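Heads up, the thing below is written out as structure tokens.
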There are 2 protein chains.
Amino acid sequence: MKLLEDRIRRDGKIKGGDVLKVDSFLNHQMDIRLFGEIGAEFKRRFADVPVSKILTIEASGIGIACIVAQYFDVPVVFAKKNKTKNIAGDAYTTQVESFTHGKTYDIMVSREFLGKGDQVLLIDDFLANGKALEGLARLVRESGAQLAGAGVVIEKGFQPGGDNLRRQGIRLESLAIVDYMDEKTGTIVFRGENP
Amino acid sequence: MKLLEDRIRRDGKIKGGDVLKVDSFLNHQMDIRLFGEIGAEFKRRFADVPVSKILTIEASGIGIACIVAQYFDVPVVFAKKNKTKNIAGDAYTTQVESFTHGKTYDIMVSREFLGKGDQVLLIDDFLANGKALEGLARLVRESGAQLAGAGVVIEKGFQPGGDNLRRQGIRLESLAIVDYMDEKTGTIVFRGENP
């Protein structure tokens, strides 16, 4: 998605440790107009797939998921990362390893909001090692719902998450795939470009 | 907002300890069409106020804030609850006491995304003791931005948060104010209704 790649090149900041900071428009400050374009693009790419629900994970996936959901006219469910009073008992849970934060945490979705008959599209802002999306896919499987696919805004193509998901037969659409980035020169190469 | 009050009465669940569970449409599963109506209503109520940015707090405020932002055509910034690698150093921070979770935590917003010249509307899903909104208002003050007001979807009128904010001179718009609720009978009385 050209508009998004241009934006990443303009406003993204490459930091040591393979970090691509896009917090000026994607995951701290959020450019809602851009999110609208992202929603339209996901709808275009998943036009042939029935979707009854969008599933994402707190926190930074929620905003994009909500705007995307307008294009599919479906509700959003977000998986919670910590057990709170408000979800006791009846939840699907799984463990997710976070490389960014160097720890393992539980994610959960109430059984009320996911089940047989649901056709679930996963939406998230970032895909690196893919552990969060794999966790969401496990929750969908456990619930008996069908996994329609997964849409991510930015995939780090030099990390293994995207390929792992594709190898598992999950239909994955990434709107921008960063295949290479260099902190010193500020170079970013997207998939499909000549480096 | 009649539509919202009806929905709370239909799908809300009153639990012990003054908990009103609305996770089937507001803060776990999210009814995006309802969020659209909420966005239009906030725009109507704050029509006379210049707004250049919406500020909310992770996690459950983000979805509503993003949909509301479409009606104001402004970006959203969400305050983060935990210090992550991606926000080092240059952030406004303050402490917030959570009654629901019984602990105190830090919230923060990068200095890049809030400052003089911004006219900030706070948006959140729930207002009970008001500590989260007070924390956001402090961040706005610290940044030198102007506080345009605060919009919340559900205020628990029998808890002190709303009155505290109004007493501080903050323009607060709550779309549904629950003045009384009873777990045994399932009764909910909204402000303006005869009990």
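Letters A, B, ... go to the chains of the structure tokens in the order shown; residues in each chain start at 1; ligands are counted from 1 in the same order.
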
Closest atom pairs, chain A residues within 6 Å of chain B, only C-alpha atoms, as a Markdown table:
| residue | atom | partner | partner_atom | distance |
| --- | --- | --- | --- | --- |
| A:His28 | CA | B:Val77 | CA | 5.7 |
| A:Gln29 | CA | B:Val77 | CA | 4.2 |
| A:Met30 | CA | B:Val76 | CA | 5.1 |
| A:Asp31 | CA | B:Pro75 | CA | 5.0 |
| A:Ile32 | CA | B:Pro75 | CA | 5.7 |
| A:Ala59 | CA | B:Ala59 | CA | 5.1 |
| A:Ile62 | CA | B:Gly63 | CA | 5.7 |
| A:Gly63 | CA | B:Gly63 | CA | 4.9 |
| A:Cys66 | CA | B:Gly63 | CA | 5.8 |
| A:Pro75 | CA | B:Asp31 | CA | 5.0 |
| A:Val76 | CA | B:Met30 | CA | 5.1 |
| A:Val77 | CA | B:Gln29 | CA | 4.2 |
| A:Phe78 | CA | B:His28 | CA | 5.8 |

Saved selection, atoms kept: C-alpha atoms, as an mmCIF file, in the first residue's frame:
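Written out: result_9.cif:
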data_model
loop_
_atom_site.group_PDB
_atom_site.id
_atom_site.type_symbol
_atom_site.label_atom_id
_atom_site.label_comp_id
_atom_site.auth_asym_id
_atom_site.auth_seq_id
_atom_site.Cartn_x
_atom_site.Cartn_y
_atom_site.Cartn_z
ATOM 1 C CA HIS A 28 0.708 6.182 20.153
ATOM 2 C CA GLN A 29 -0.602 9.101 18.161
ATOM 3 C CA MET A 30 -3.036 7.706 15.612
ATOM 4 C CA ASP A 31 -3.821 9.283 12.248
ATOM 5 C CA ILE A 32 -7.497 8.434 11.920
ATOM 6 C CA ALA A 59 -3.659 -1.991 23.260
ATOM 7 C CA ILE A 62 -7.740 -1.677 19.045
ATOM 8 C CA GLY A 63 -7.899 1.635 17.217
ATOM 9 C CA CYS A 66 -12.365 -0.417 15.194
ATOM 10 C CA PRO A 75 -18.193 -5.880 15.936
ATOM 11 C CA VAL A 76 -14.659 -5.959 17.318
ATOM 12 C CA VAL A 77 -13.461 -8.114 20.201
ATOM 13 C CA PHE A 78 -10.122 -7.373 21.781
#

Within 7 Å of segment 161-170 of chain A using only C-alpha atoms, minus same-chain residues under 2 positions, as a VMD selection string: chain A and resid 127 to 130 149 155 157 159 172

Residue with smallest distance to Pro160 of chain B - pool B:Thr56, B:Leu122, B:Val49, B:Asp179, counting only C-alpha atoms: B:Asp179

8 Å contact set for Thr94 of chain B, only C-alpha atoms, chain neighbours under 5 positions out, as a VMD selection string: chain B and resid 106 to 108 135 138 to 139

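Looking only at segment 56-94 of chain B, the set that DSSP places in alpha helix (DSSP H) from backbone geometry is B:Gly61, B:Ile62, B:Gly63, B:Ile64, B:Ala65, B:Cys66, B:Ile67, B:Val68, B:Ala69, B:Gln70, B:Tyr71, B:Phe72.
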
Expected answer as a PyMOL selection string: strand (DSSP E) residues in segment 49-154 of chain B: chain B and resi 53-57+76-79+91-98+103-110+119-127+146-154

Restricting the output to C-alpha atoms, write the selected residues as a PDB file, in the first residue's frame.
ATOM      1  CA  LYS B  53      -6.652  16.382  19.346  1.00  0.00           C
ATOM      2  CA  ILE B  54      -8.364  13.636  21.288  1.00  0.00           C
ATOM      3  CA  LEU B  55      -6.577  12.113  24.264  1.00  0.00           C
ATOM      4  CA  THR B  56      -7.580   8.804  25.826  1.00  0.00           C
ATOM      5  CA  ILE B  57      -5.991   6.048  27.870  1.00  0.00           C
ATOM      6  CA  VAL B  76      -6.003  10.492  18.715  1.00  0.00           C
ATOM      7  CA  VAL B  77      -3.255  10.098  21.275  1.00  0.00           C
ATOM      8  CA  PHE B  78      -3.548   7.409  23.911  1.00  0.00           C
ATOM      9  CA  ALA B  79      -1.729   7.559  27.215  1.00  0.00           C
ATOM     10  CA  ALA B  91       7.334  11.886  28.092  1.00  0.00           C
ATOM     11  CA  TYR B  92       4.827  13.595  30.351  1.00  0.00           C
ATOM     12  CA  THR B  93       4.015  11.254  33.200  1.00  0.00           C
ATOM     13  CA  THR B  94       1.725  11.161  36.199  1.00  0.00           C
ATOM     14  CA  GLN B  95       0.435   8.599  38.658  1.00  0.00           C
ATOM     15  CA  VAL B  96      -3.097   7.240  38.638  1.00  0.00           C
ATOM     16  CA  GLU B  97      -4.785   5.265  41.370  1.00  0.00           C
ATOM     17  CA  SER B  98      -7.054   2.474  40.132  1.00  0.00           C
ATOM     18  CA  LYS B 103      -3.130  -0.280  42.608  1.00  0.00           C
ATOM     19  CA  THR B 104      -1.311   2.812  41.456  1.00  0.00           C
ATOM     20  CA  TYR B 105       0.250   3.007  38.019  1.00  0.00           C
ATOM     21  CA  ASP B 106       2.069   5.496  35.829  1.00  0.00           C
ATOM     22  CA  ILE B 107       0.567   6.910  32.676  1.00  0.00           C
ATOM     23  CA  MET B 108       2.545   8.712  30.044  1.00  0.00           C
ATOM     24  CA  VAL B 109       2.324  10.562  26.789  1.00  0.00           C
ATOM     25  CA  SER B 110       5.287  11.379  24.594  1.00  0.00           C
ATOM     26  CA  GLN B 119      -6.937  21.923  22.187  1.00  0.00           C
ATOM     27  CA  VAL B 120      -7.519  18.568  23.766  1.00  0.00           C
ATOM     28  CA  LEU B 121     -10.743  16.651  24.250  1.00  0.00           C
ATOM     29  CA  LEU B 122     -10.472  13.749  26.695  1.00  0.00           C
ATOM     30  CA  ILE B 123     -12.518  10.665  25.809  1.00  0.00           C
ATOM     31  CA  ASP B 124     -13.023   7.543  27.921  1.00  0.00           C
ATOM     32  CA  ASP B 125     -15.515   4.720  28.218  1.00  0.00           C
ATOM     33  CA  PHE B 126     -16.162   4.887  31.968  1.00  0.00           C
ATOM     34  CA  LEU B 127     -16.075   7.439  34.737  1.00  0.00           C
ATOM     35  CA  GLN B 146      -5.643  23.665  26.457  1.00  0.00           C
ATOM     36  CA  LEU B 147      -8.233  21.281  27.854  1.00  0.00           C
ATOM     37  CA  ALA B 148     -11.362  21.557  25.707  1.00  0.00           C
ATOM     38  CA  GLY B 149     -13.370  19.176  27.875  1.00  0.00           C
ATOM     39  CA  ALA B 150     -13.997  15.551  28.670  1.00  0.00           C
ATOM     40  CA  GLY B 151     -16.506  13.135  27.167  1.00  0.00           C
ATOM     41  CA  VAL B 152     -17.338   9.814  28.772  1.00  0.00           C
ATOM     42  CA  VAL B 153     -19.757   7.179  27.624  1.00  0.00           C
ATOM     43  CA  ILE B 154     -20.974   5.996  31.037  1.00  0.00           C
TER      44      ILE B 154
END

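If you look at atom CA of Phe99 of chain B and atom CA of Asn82 of chain B, they are 17.4 Å away from each other.
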